[in-house]
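Q: Got a structure for you, structure16.cif, holding mmCIF, C-alpha atoms and all ligand atoms.
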data_start
loop_
_atom_site.label_atom_id
_atom_site.label_comp_id
_atom_site.auth_asym_id
_atom_site.auth_seq_id
_atom_site.Cartn_x
_atom_site.Cartn_y
_atom_site.Cartn_z
CA MET G 1 96.85 184.49 108.48
CA PHE G 2 98.54 186.28 105.59
CA LYS G 3 101.28 183.72 105.61
CA CYS G 4 98.73 180.91 105.38
CA PHE G 5 96.97 182.59 102.45
CA TYR G 6 100.29 183.14 100.79
CA ASN G 7 101.30 179.48 101.19
CA LYS G 8 97.99 178.26 99.83
CA PHE G 9 98.27 180.61 96.88
CA ALA G 10 101.80 179.43 96.16
CA ALA G 11 100.71 175.78 96.31
CA TRP G 12 97.85 176.35 93.85
CA TYR G 13 100.10 178.36 91.59
CA LEU G 14 102.55 175.45 91.53
CA VAL G 15 99.81 172.94 90.69
CA VAL G 16 98.57 175.07 87.79
CA VAL G 17 102.09 175.59 86.42
CA LEU G 18 102.83 171.86 86.70
CA LEU G 19 99.62 170.94 84.89
CA LEU G 20 100.34 173.44 82.15
CA CYS G 21 103.85 172.00 81.72
CA LEU G 22 102.46 168.48 81.54
CA PHE G 23 100.01 169.42 78.83
CA THR G 24 102.45 171.32 76.68
CA VAL G 25 105.23 168.74 77.03
CA ASN G 26 102.91 166.17 75.52
CA GLY G 27 101.84 168.51 72.79
CA TYR G 28 98.37 168.66 74.33
CA THR G 29 96.94 172.08 73.96
CA GLN G 30 93.65 173.38 75.24
CA GLN G 31 91.00 172.58 72.65
CA PRO G 32 88.33 175.09 71.68
CA GLU G 33 84.85 174.21 72.89
CA ALA G 34 82.98 171.78 70.61
CA ASN G 35 80.71 173.39 68.06
CA TYR G 36 77.14 172.09 67.73
CA ASP G 37 75.80 174.94 65.65
CA GLU G 38 75.36 174.32 61.90
CA THR G 39 75.63 178.04 61.23
CA ARG G 40 79.10 178.13 62.81
CA ILE G 41 80.62 175.38 60.69
CA PRO G 42 83.68 176.77 58.91
CA ALA G 43 83.40 177.20 55.15
CA TYR G 44 85.13 174.17 53.69
CA THR G 45 85.90 172.57 50.34
CA LEU G 46 86.06 168.81 50.10
CA PRO G 47 88.67 167.24 47.86
CA ASP G 48 86.96 165.54 44.92
CA PRO G 49 87.50 161.76 45.09
CA LEU G 50 87.43 161.70 41.30
CA VAL G 51 90.11 164.33 40.72
CA LEU G 52 93.69 163.13 40.75
CA GLN G 53 96.28 164.99 42.79
CA SER G 54 97.64 166.24 39.47
CA GLY G 55 94.32 168.06 39.04
CA LYS G 56 93.10 165.79 36.22
CA LEU G 57 89.65 164.25 36.31
CA VAL G 58 89.47 160.45 36.57
CA THR G 59 88.25 159.35 33.18
CA GLY G 60 87.04 155.84 33.92
CA GLU G 61 87.10 152.77 36.08
CA PRO G 62 90.60 151.55 35.13
CA GLN G 63 92.11 154.86 36.16
CA TRP G 64 90.26 154.72 39.47
CA TRP G 65 91.84 151.38 40.32
CA LYS G 66 95.27 152.12 38.92
CA GLU G 67 95.83 155.71 39.98
CA ARG G 68 93.22 157.45 42.10
CA ARG G 69 92.41 154.70 44.59
CA PRO G 70 96.10 154.09 45.44
CA GLU G 71 96.58 157.86 45.83
CA ILE G 72 93.71 158.12 48.31
CA LEU G 73 94.78 155.00 50.20
CA SER G 74 98.24 156.40 50.57
CA LEU G 75 96.89 159.73 51.93
CA PHE G 76 95.05 157.90 54.71
CA GLU G 77 98.13 155.80 55.42
CA MET G 78 100.65 158.60 55.48
CA GLU G 79 98.59 161.34 57.12
CA MET G 80 96.00 159.70 59.33
CA TYR G 81 95.92 156.04 60.41
CA GLY G 82 99.57 155.31 59.56
CA ARG G 83 101.08 152.57 57.46
CA ALA G 84 100.57 149.06 58.78
CA PRO G 85 102.53 145.96 57.86
CA SER G 86 100.56 144.23 55.14
CA THR G 87 100.78 140.91 56.89
CA ALA G 88 102.12 139.25 60.03
CA THR G 89 105.72 138.19 60.47
CA TYR G 90 104.30 134.89 61.67
CA LEU G 91 100.70 133.69 61.76
CA GLY G 92 99.60 130.47 63.41
CA PHE G 93 96.09 129.28 64.25
CA SER G 94 95.13 126.81 66.94
CA VAL G 95 91.62 125.83 67.95
CA ALA G 96 91.63 126.35 71.72
CA THR G 97 88.07 125.21 72.52
CA GLN G 98 85.12 123.86 70.57
CA ASP G 99 81.54 123.14 71.62
CA THR G 100 79.09 121.73 69.09
CA ASN G 101 76.17 122.28 71.42
CA ALA G 102 76.43 125.93 72.32
CA LEU G 103 73.41 128.23 72.81
CA ASN G 104 71.22 125.32 73.90
CA GLY G 105 72.21 123.24 70.93
CA LYS G 106 71.55 125.98 68.37
CA ALA G 107 75.15 126.80 67.54
CA ILE G 108 78.75 125.74 67.36
CA ARG G 109 81.16 127.78 69.43
CA LYS G 110 84.89 127.82 68.80
CA GLU G 111 87.78 129.80 70.17
CA ILE G 112 90.78 130.12 67.92
CA THR G 113 94.08 131.47 69.13
CA VAL G 114 95.83 133.47 66.45
CA HIS G 115 99.55 133.47 67.24
CA PHE G 116 101.72 136.32 66.00
CA THR G 117 104.99 134.70 67.07
CA LYS G 118 106.33 131.17 66.71
CA ASP G 119 106.72 131.11 70.47
CA LYS G 120 103.22 130.22 71.68
CA GLN G 121 103.76 132.38 74.78
CA GLY G 122 104.24 135.45 72.54
CA ALA G 123 101.68 137.91 71.19
CA SER G 124 98.32 136.41 70.27
CA MET G 125 94.64 137.19 69.99
CA SER G 126 91.62 134.99 70.55
CA VAL G 127 88.84 134.79 67.95
CA LEU G 128 85.48 133.77 69.40
CA LEU G 129 83.33 132.25 66.68
CA TYR G 130 79.66 131.23 66.84
CA LEU G 131 78.26 129.39 63.84
CA PRO G 132 74.71 128.32 63.08
CA LYS G 133 74.37 124.57 62.52
CA LEU G 134 73.95 124.55 58.76
CA ASN G 135 75.33 122.25 56.13
CA THR G 136 76.84 124.97 53.98
CA PRO G 137 79.56 127.54 54.66
CA VAL G 138 77.94 130.59 56.26
CA PRO G 139 78.44 134.35 55.94
CA VAL G 140 79.91 135.89 59.08
CA PHE G 141 79.77 139.22 60.92
CA LEU G 142 83.22 140.07 62.24
CA GLY G 143 83.76 142.85 64.76
CA LEU G 144 86.02 143.78 67.64
CA ASN G 145 84.63 144.07 71.16
CA PHE G 146 85.49 146.56 73.92
CA ARG G 147 85.57 144.50 77.11
CA GLY G 148 86.56 140.91 76.35
CA ASN G 149 84.98 138.05 74.39
CA HIS G 150 83.27 136.75 77.55
CA THR G 151 81.27 139.97 77.87
CA ILE G 152 79.31 139.66 74.61
CA ILE G 153 77.09 136.87 75.99
CA ASP G 154 76.74 135.06 79.30
CA ASP G 155 78.23 131.74 78.19
CA PRO G 156 80.55 130.08 80.74
CA GLY G 157 82.37 128.30 77.91
CA ILE G 158 84.06 131.51 76.74
CA SER G 159 87.62 132.06 77.97
CA VAL G 160 88.50 135.32 79.68
CA SER G 161 91.36 137.13 77.97
CA ALA G 162 94.46 137.71 80.09
CA HIS G 163 95.11 140.91 78.17
CA TRP G 164 94.67 144.40 79.55
CA LYS G 165 91.38 144.93 81.44
CA ALA G 166 89.25 142.01 80.22
CA ALA G 167 89.29 140.19 83.56
CA GLU G 168 87.68 143.22 85.26
CA HIS G 169 84.47 142.69 83.31
CA ARG G 170 81.53 140.36 83.99
CA ARG G 171 80.34 137.63 81.66
CA GLY G 172 77.59 138.94 79.41
CA GLU G 173 78.16 142.51 80.60
CA ASP G 174 77.94 143.91 77.06
CA SER G 175 75.31 141.51 75.72
CA LEU G 176 72.97 144.36 74.78
CA SER G 177 75.48 145.29 72.06
CA TRP G 178 75.68 141.72 70.71
CA PRO G 179 72.41 139.93 69.83
CA VAL G 180 74.24 136.64 69.27
CA GLU G 181 71.16 134.41 69.06
CA ARG G 182 69.41 136.73 66.63
CA ILE G 183 72.46 136.71 64.36
CA ILE G 184 72.70 132.90 64.45
CA GLU G 185 68.95 132.43 63.86
CA ASN G 186 69.31 134.50 60.71
CA GLY G 187 71.90 132.14 59.29
CA TYR G 188 75.02 134.19 60.07
CA GLY G 189 78.08 133.34 62.05
CA LEU G 190 79.57 135.85 64.46
CA ALA G 191 83.29 136.29 65.00
CA THR G 192 84.70 138.69 67.55
CA VAL G 193 88.04 139.59 69.09
CA TYR G 194 88.78 141.64 72.20
CA TYR G 195 90.50 144.79 70.93
CA GLY G 196 92.79 144.80 73.97
CA ASP G 197 94.32 141.53 72.69
CA ILE G 198 95.65 143.49 69.71
CA ASP G 199 96.56 146.77 71.34
CA PRO G 200 95.48 148.00 74.79
CA ASP G 201 93.66 151.30 74.40
CA PHE G 202 95.87 153.75 76.25
CA ASP G 203 98.88 155.87 75.41
CA ASP G 204 101.78 153.76 76.63
CA GLY G 205 104.24 154.74 73.90
CA PHE G 206 103.41 151.54 71.97
CA LEU G 207 105.30 149.25 74.31
CA ASN G 208 102.48 146.74 74.68
CA GLY G 209 100.23 145.34 71.94
CA ILE G 210 101.52 144.23 68.58
CA HIS G 211 103.44 147.35 67.47
CA PRO G 212 106.81 146.36 68.98
CA LEU G 213 106.74 143.08 67.02
CA PHE G 214 107.34 145.11 63.90
CA PHE G 215 109.92 147.60 65.15
CA ARG G 216 113.21 147.73 63.23
CA GLU G 217 116.28 147.09 65.29
CA GLY G 218 116.66 150.06 67.61
CA GLN G 219 113.20 151.46 66.83
CA THR G 220 111.25 152.35 69.97
CA LYS G 221 108.03 153.83 68.61
CA PRO G 222 106.20 154.02 65.28
CA ASP G 223 107.56 156.54 62.75
CA PRO G 224 105.36 159.62 62.13
CA ASP G 225 103.65 157.86 59.21
CA GLU G 226 103.37 154.45 60.89
CA TRP G 227 100.27 152.94 62.46
CA GLY G 228 98.64 153.96 65.69
CA SER G 229 96.12 151.90 67.64
CA ILE G 230 93.25 152.20 65.13
CA GLY G 231 95.65 150.95 62.46
CA ALA G 232 96.54 148.02 64.69
CA TRP G 233 92.91 147.13 65.42
CA ALA G 234 92.11 147.24 61.69
CA TRP G 235 95.11 145.03 61.03
CA GLY G 236 93.83 142.59 63.66
CA LEU G 237 90.50 142.40 61.82
CA SER G 238 92.34 141.35 58.67
CA ARG G 239 94.28 138.71 60.61
CA ALA G 240 90.98 137.36 61.98
CA LEU G 241 89.80 137.18 58.37
CA ASP G 242 93.01 135.29 57.52
CA TYR G 243 91.78 132.65 59.95
CA LEU G 244 88.18 132.67 58.67
CA VAL G 245 89.49 131.94 55.16
CA THR G 246 90.88 128.66 56.50
CA ASP G 247 87.68 127.58 58.28
CA GLY G 248 85.58 125.33 56.04
CA ALA G 249 82.37 126.20 57.91
CA VAL G 250 82.75 129.88 56.94
CA ASP G 251 82.17 131.45 53.55
CA ALA G 252 85.05 133.92 53.63
CA ARG G 253 83.78 135.68 50.50
CA ARG G 254 80.83 136.80 52.60
CA VAL G 255 82.38 138.42 55.66
CA VAL G 256 80.86 141.64 56.98
CA VAL G 257 83.26 143.78 58.98
CA ILE G 258 81.42 145.80 61.62
CA GLY G 259 82.26 148.06 64.53
CA HIS G 260 80.85 150.57 66.96
CA SER G 261 82.41 153.92 67.76
CA ARG G 262 86.25 153.75 67.87
CA LEU G 263 85.87 150.17 66.69
CA GLY G 264 83.66 151.47 63.88
CA LYS G 265 86.59 153.65 62.83
CA ALA G 266 88.73 150.49 62.82
CA ALA G 267 86.10 148.58 60.82
CA LEU G 268 85.99 151.29 58.15
CA TRP G 269 89.76 151.44 57.90
CA ALA G 270 89.97 147.62 57.71
CA GLY G 271 87.29 147.53 55.01
CA ALA G 272 88.98 150.34 53.07
CA GLN G 273 92.33 148.54 52.97
CA ASP G 274 91.33 144.89 52.77
CA GLN G 275 89.10 144.25 49.79
CA ARG G 276 88.34 140.72 50.95
CA PHE G 277 85.70 142.21 53.28
CA ALA G 278 82.44 141.90 51.35
CA VAL G 279 80.43 144.44 53.36
CA VAL G 280 81.48 147.21 55.75
CA ILE G 281 79.35 148.60 58.59
CA SER G 282 80.13 151.56 60.81
CA ASN G 283 77.96 152.28 63.85
CA ASN G 284 78.30 155.77 65.37
CA SER G 285 81.96 155.96 64.29
CA GLY G 286 82.10 159.76 64.23
CA CYS G 287 85.32 161.75 63.99
CA GLY G 288 88.11 159.70 62.44
CA GLY G 289 85.43 157.29 61.20
CA ALA G 290 82.53 158.16 58.92
CA ALA G 291 82.11 161.84 59.90
CA LEU G 292 83.63 164.56 57.72
CA SER G 293 86.54 166.17 59.58
CA LYS G 294 86.31 169.50 57.78
CA ARG G 295 82.91 170.26 59.29
CA ALA G 296 84.60 170.37 62.71
CA PHE G 297 81.23 169.64 64.31
CA GLY G 298 81.31 167.95 67.73
CA GLU G 299 84.58 166.04 68.08
CA THR G 300 87.38 167.55 65.99
CA VAL G 301 90.79 166.39 64.82
CA GLY G 302 92.36 168.51 67.57
CA SER G 303 90.16 167.09 70.30
CA ILE G 304 90.53 163.47 69.22
CA ASN G 305 94.33 163.72 68.92
CA THR G 306 94.45 165.34 72.34
CA ALA G 307 92.23 162.85 74.16
CA PHE G 308 93.57 159.81 72.31
CA PRO G 309 97.12 160.59 71.16
CA HIS G 310 97.74 156.91 70.35
CA TRP G 311 94.86 156.35 67.91
CA PHE G 312 96.31 157.89 64.75
CA CYS G 313 99.78 158.32 63.33
CA MET G 314 101.80 161.29 64.50
CA ASN G 315 101.46 163.05 61.15
CA PHE G 316 97.73 163.47 61.82
CA ARG G 317 98.54 166.03 64.52
CA LYS G 318 99.47 168.51 61.77
CA PHE G 319 95.75 168.93 61.25
CA ASN G 320 94.85 169.80 64.85
CA ASN G 321 92.62 172.88 64.61
CA ASN G 322 93.64 172.97 60.94
CA GLU G 323 91.19 170.67 59.15
CA ALA G 324 91.28 172.95 56.11
CA ALA G 325 94.78 171.64 55.35
CA LEU G 326 93.63 167.99 55.14
CA PRO G 327 94.30 166.69 51.62
CA MET G 328 91.47 164.18 52.07
CA ASP G 329 88.30 163.75 54.11
CA GLN G 330 86.25 160.82 55.33
CA HIS G 331 84.02 160.58 52.23
CA MET G 332 87.19 159.35 50.54
CA LEU G 333 87.55 156.61 53.14
CA ILE G 334 84.06 155.45 52.14
CA ALA G 335 85.09 155.73 48.48
CA LEU G 336 87.89 153.24 49.14
CA ILE G 337 85.21 150.69 50.07
CA ALA G 338 83.37 151.15 46.74
CA PRO G 339 81.89 149.30 44.93
CA ARG G 340 81.32 147.04 47.95
CA PRO G 341 78.23 147.66 50.09
CA VAL G 342 78.73 150.04 53.00
CA TYR G 343 76.33 151.00 55.80
CA VAL G 344 76.74 153.91 58.19
CA ALA G 345 74.44 154.53 61.14
CA SER G 346 74.07 157.47 63.49
CA ALA G 347 72.19 158.17 66.72
CA GLU G 348 70.25 161.37 67.24
CA GLU G 349 71.75 162.25 70.62
CA ASP G 350 75.26 161.34 69.52
CA ARG G 351 76.05 164.86 68.36
CA TRP G 352 79.70 164.45 69.37
CA ALA G 353 79.94 162.02 66.40
CA ASP G 354 78.25 164.51 64.01
CA PRO G 355 75.38 162.47 62.49
CA LYS G 356 75.05 164.85 59.56
CA GLY G 357 78.77 164.62 58.83
CA GLU G 358 78.43 160.81 58.84
CA PHE G 359 75.57 161.02 56.35
CA LEU G 360 77.37 163.49 54.10
CA SER G 361 80.40 161.21 53.76
CA LEU G 362 78.17 158.63 52.13
CA LEU G 363 76.62 161.24 49.88
CA TYR G 364 79.97 162.62 48.70
CA ALA G 365 81.41 159.13 48.16
CA SER G 366 78.49 158.29 45.89
CA PRO G 367 80.05 159.49 42.60
CA VAL G 368 82.69 156.81 43.05
CA TYR G 369 79.97 154.16 43.39
CA SER G 370 78.41 155.47 40.17
CA LEU G 371 81.76 155.33 38.37
CA LEU G 372 82.10 151.70 39.46
CA GLY G 373 78.66 150.79 38.14
CA LYS G 374 76.66 150.91 41.40
CA HIS G 375 74.13 153.31 42.82
CA GLY G 376 75.41 155.53 45.60
CA LEU G 377 73.16 156.91 48.32
CA SER G 378 69.60 157.08 47.00
CA VAL G 379 68.66 160.27 48.93
CA LYS G 380 70.23 163.70 49.17
CA GLU G 381 68.75 164.75 52.51
CA MET G 382 69.08 162.96 55.83
CA PRO G 383 66.17 160.55 56.33
CA ALA G 384 63.72 160.91 59.21
CA LEU G 385 64.48 159.12 62.48
CA ASN G 386 64.20 155.33 62.21
CA GLU G 387 63.74 155.47 58.46
CA LYS G 388 66.25 153.31 56.65
CA VAL G 389 68.01 154.00 53.40
CA MET G 390 68.97 150.70 51.76
CA GLY G 391 70.92 150.05 48.58
CA THR G 392 74.60 149.51 47.94
CA VAL G 393 75.02 152.40 50.34
CA GLY G 394 72.88 152.21 53.50
CA TYR G 395 72.15 154.68 56.27
CA HIS G 396 69.88 155.26 59.23
CA ILE G 397 69.65 157.56 62.21
CA ARG G 398 67.72 156.36 65.22
CA PRO G 399 66.64 158.20 68.35
CA GLY G 400 68.76 157.76 71.44
CA ARG G 401 72.35 157.84 72.47
CA HIS G 402 75.76 156.63 71.34
CA ALA G 403 75.41 152.82 71.34
CA ILE G 404 74.88 149.81 69.11
CA THR G 405 71.37 148.52 69.73
CA LEU G 406 69.11 145.71 68.57
CA PHE G 407 67.43 148.20 66.23
CA ASP G 408 70.81 148.86 64.59
CA TRP G 409 71.61 145.15 64.29
CA GLU G 410 68.24 144.42 62.73
CA ARG G 411 69.04 146.93 59.96
CA TYR G 412 72.51 145.39 59.53
CA ILE G 413 71.11 141.87 59.19
CA GLU G 414 68.61 143.15 56.64
CA PHE G 415 71.44 144.88 54.76
CA ALA G 416 73.55 141.72 54.80
CA ASP G 417 70.53 139.69 53.60
CA LEU G 418 70.16 142.11 50.71
CA HIS G 419 73.75 141.67 49.60
CA LEU G 420 74.88 138.26 50.74
CA HIS G 421 71.93 135.91 50.43
C1 LIG G 501 84.80 158.91 72.55
C2 LIG G 501 85.59 159.40 71.39
C3 LIG G 501 84.90 159.03 70.12
C4 LIG G 501 84.39 157.61 70.11
C5 LIG G 501 83.99 157.08 71.45
C6 LIG G 501 83.96 155.56 71.63
O1 LIG G 501 85.34 159.29 73.78
O2 LIG G 501 85.72 160.78 71.52
O3 LIG G 501 85.74 159.31 69.02
O4 LIG G 501 85.27 156.76 69.49
O5 LIG G 501 84.80 157.52 72.47
O6 LIG G 501 84.76 154.84 71.07
O7 LIG G 501 83.13 155.13 72.42
#
Starting from the coordinates I provided, produce the structure as structure tokens.
Ligand code: GTR

A:
Amino acid sequence: MFKCFYNKFAAWYLVVVLLLCLFTVNGYTQQPEANYDETRIPAYTLPDPLVLQSGKLVTGEPQWWKERRPEILSLFEMEMYGRAPSTATYLGFSVATQDTNALNGKAIRKEITVHFTKDKQGASMSVLLYLPKLNTPVPVFLGLNFRGNHTIIDDPGISVSAHWKAAEHRRGEDSLSWPVERIIENGYGLATVYYGDIDPDFDDGFLNGIHPLFFREGQTKPDPDEWGSIGAWAWGLSRALDYLVTDGAVDARRVVVIGHSRLGKAALWAGAQDQRFAVVISNNSGCGGAALSKRAFGETVGSINTAFPHWFCMNFRKFNNNEAALPMDQHMLIALIAPRPVYVASAEEDRWADPKGEFLSLLYASPVYSLLGKHGLSVKEMPALNEKVMGTVGYHIRPGRHAITLFDWERYIEFADLHLH
């Protein structure tokens, strides 16, 4: 009996030791429990978006554009999302399918393959585009989707991506997140791309997806300051915009980049870098998106880098459990979008994403909007549930969980109407 106990003990001991080794080898360390208590937020100081790294105050708009904005952009590139190639080595567009009678005759549906290599069998992504039947070029919402283009609406005409896990999902499975008809009826087009076409969302050492296309000879993974997956998804959004610019039915000066959750992080980063996006919308983007990292409320830099080691550049790991050392915070990501309209939305139960931290980013980015001749956030306190704050900077928090709902979309359409019509 003793022997049996001893063997069992030894087996468990071995399992624990093995697990510990696995975690430490990967640089994964046990993360402290998430904090949801406002009184336990560490004291923090946010870098001032209007103070140069030299310590001098930005004196006016020209200095913002020439000095401070490039400084901030470079901080996010070098320390967080990683540098991305500014364009593709090759970019080709081919219309794969077209239906002028989609949605019971209400819309045009196209699928455009965006090729990243001359070889048509090489890396590519598929843009699904719905357009209202209007005689003038239309504004478009552009956002990535989580499960495949065919999941945003039950429309048998949509091709199923061969990339990553798309084929495991049902047609229309995620239609609650995508009110396609409502968007079309309001005079907007909708463009979407399956994020797995650009980079499958798991830590595979960057062997799949588009990263290897850009490796130098002999390079096997991104350098510590080179792009992770969020950087790649944001890059993909800009390449989708490259296509939209060429489509005569689209008004490419009126493209809204939008995303939910990790894809909201990607939308913000795309909008921050690529000033062709007219409006930027982040839905429940949380840590690494709109929420301030230094509050360390809910998801933290340490927990996100541990659970998703492929999302950010390697340099970002320096700030695991050390947010105080960050030379920037997410209000400065919002500031990079200024003076263009930006909308951030939270959900009450989505405490992991730190709703208050999402709101505060907008508030602390507001001085940059003022410098650039616009009004920042019009309130200083978080609004009541379901109350909307509209302006150049928009915000709402609704009851319920982490999701993008019809209520959210209705606010986004209203916001786009305000700025694009
Ligand atoms: C969570 C992650 C969040 C958020 C979310 C999502 O697991 O911790 O940062 O991005 O996933 O994308 O749904």

Q: To one decimal in Å, tell me the separation between CA of Pro49 in chain G and CA of Arg262 in chain G.

A: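 Result for CA of Pro49 in chain G versus CA of Arg262 in chain G: 24.2 Å, one decimal.
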
Q: Using all atoms listed in the file, tabulate the residues of chain G lying at most 8 Å from any atom of ligand LIG 501 (chain G), each with its closest atom pair and that distance in Å to one decimal, by chain and increasing residue number, as CSV.

A:
residue,atom,partner,partner_atom,distance
G:His260,CA,G:LIG501,O6,7.1
G:Ser261,CA,G:LIG501,O6,4.2
G:Arg262,CA,G:LIG501,O4,3.6
G:Leu263,CA,G:LIG501,O6,6.5
G:Gly264,CA,G:LIG501,O4,7.9
G:Lys265,CA,G:LIG501,O4,7.5
G:Asn284,CA,G:LIG501,C4,7.9
G:Ser285,CA,G:LIG501,O4,6.2
G:Gly286,CA,G:LIG501,O3,6.0
G:Cys287,CA,G:LIG501,O3,5.6
G:Gly288,CA,G:LIG501,O3,7.0
G:Glu299,CA,G:LIG501,O2,6.4
G:Ser303,CA,G:LIG501,O2,7.8
G:Ile304,CA,G:LIG501,O2,6.0
G:Ala307,CA,G:LIG501,O2,7.3
G:Phe308,CA,G:LIG501,O2,7.9
G:Trp352,CA,G:LIG501,O2,7.4
G:Ala353,CA,G:LIG501,C3,6.9
G:His402,CA,G:LIG501,O7,7.6

Q: Take the residues from that selection and put them in a file with C-alpha atoms, as a JSON list (two decimals), in the coordinates of the input.

A:
[["chain", "number", "residue", "atom", "x", "y", "z"],
["G", 260, "HIS", "CA", 80.85, 150.57, 66.96],
["G", 261, "SER", "CA", 82.41, 153.92, 67.76],
["G", 262, "ARG", "CA", 86.25, 153.75, 67.87],
["G", 263, "LEU", "CA", 85.87, 150.17, 66.69],
["G", 264, "GLY", "CA", 83.66, 151.47, 63.88],
["G", 265, "LYS", "CA", 86.59, 153.65, 62.83],
["G", 284, "ASN", "CA", 78.30, 155.77, 65.37],
["G", 285, "SER", "CA", 81.96, 155.96, 64.29],
["G", 286, "GLY", "CA", 82.10, 159.76, 64.23],
["G", 287, "CYS", "CA", 85.32, 161.75, 63.99],
["G", 288, "GLY", "CA", 88.11, 159.70, 62.44],
["G", 299, "GLU", "CA", 84.58, 166.04, 68.08],
["G", 303, "SER", "CA", 90.16, 167.09, 70.30],
["G", 304, "ILE", "CA", 90.53, 163.47, 69.22],
["G", 307, "ALA", "CA", 92.23, 162.85, 74.16],
["G", 308, "PHE", "CA", 93.57, 159.81, 72.31],
["G", 352, "TRP", "CA", 79.70, 164.45, 69.37],
["G", 353, "ALA", "CA", 79.94, 162.02, 66.40],
["G", 402, "HIS", "CA", 75.76, 156.63, 71.34]]

Q: Between G:Ser159, G:Ser346, G:Ser378, G:Thr220, which is the closest to Pro399 in chain G once you count all atoms listed in the file?

A: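 So, comparing all the options, the nearest one is G:Ser346.
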
Q: Just give me the gap between CA of Gly189 in chain G and CA of Tyr130 in chain G in Å, one decimal is fine.

A: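 Separation between CA of Gly189 in chain G and CA of Tyr130 in chain G: 5.5 Å.
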
Q: When distances are computed from only C-alpha atoms, which of G:Gly373, G:Gly259, G:Pro70, G:Pro32 shows the smallest separation from Ser177 in chain G?

A: G:Gly259

Q: Find the residues near Ser229 in chain G: any atom within 9 Å, counting only C-alpha atoms, skip ones fewer than 2 places away on the same chain, and give them as number ranges by chain.

A: G: 81, 198-202, 206, 209, 211, 227, 231-234, 266, 310-313

Q: Between G:Asp119, G:Asp48, G:Asp242, G:Glu71, which one has atoms that come closest to Ser86 in chain G, using all atoms listed in the file?

A: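 Among G:Asp119, G:Asp48, G:Asp242, G:Glu71, it is G:Asp242 that comes nearest to Ser86 in chain G.
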
Q: Which of these, G:Tyr188, G:Phe316, G:Trp65, G:Tyr369, has the shortest distance to Val140 in chain G once you count only C-alpha atoms?

A: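 Answer, going by the shortest atom-to-atom distance: G:Tyr188.
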
Q: Return the single residue from G:Ile337, G:Ile413, G:Ile281, G:Ala296 that is closest to Tyr395 in chain G, with distances computed using all atoms listed in the file.

A: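 Of the candidates, the smallest distance to Tyr395 in chain G is held by G:Ile281.
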
Q: Between G:Glu381, G:Glu387, G:Glu38, G:Glu79, which has the minimum distance to Leu360 in chain G (counting all atoms listed in the file)?

A: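 Closest to Leu360 in chain G of all the choices is G:Glu381.
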
Q: One decimal, in Å: what's the spacing between CA of Asn101 in chain G and CA of Asp155 in chain G?

A: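 So the answer is 11.8 Å.
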
Q: Residues at most 7 Å from Thr100 in chain G, counting all atoms listed in the file, excluding those fewer than 6 positions away in the same chain, as a ChimeraX atom specification?

A: /G:107-109

Q: For those residues, write C-alpha atoms to a file as a PDB file, in the coordinates of the input.

A:
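again.pdb, written as the output of this step:
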ATOM      1  CA  ALA G 107      75.150 126.800  67.540  1.00  0.00           C
ATOM      2  CA  ILE G 108      78.750 125.740  67.360  1.00  0.00           C
ATOM      3  CA  ARG G 109      81.160 127.780  69.430  1.00  0.00           C
TER       4      ARG G 109
END

Q: Quick one: residues within 8 Å of Pro224 in chain G, all atoms listed in the file counted, chain neighbours fewer than 5 positions away excluded, as a PyMOL selection string?

A: chain G and resi 82+313-315

Q: Which residues, written as a PyMOL selection string, have at least one atom at most 12 Å from Gly187 in chain G, with all atoms listed in the file counted and residues fewer than 5 positions away on the same chain left out?

A: chain G and resi 106-107+130-141+180-182+250-251+413-414+416-417+420-421

Q: Do you know which residues are at most 8 Å from range 366-368 of chain G counting all atoms listed in the file, after dropping those on the same chain fewer than 2 positions away, and could you put them as a list in words?

A: Pro49, Leu50, Ala335, Ala338, Pro339, Leu362, Leu363, Tyr364, Ser370, Leu371, Leu372, His375, Gly376 and Leu377 of chain G
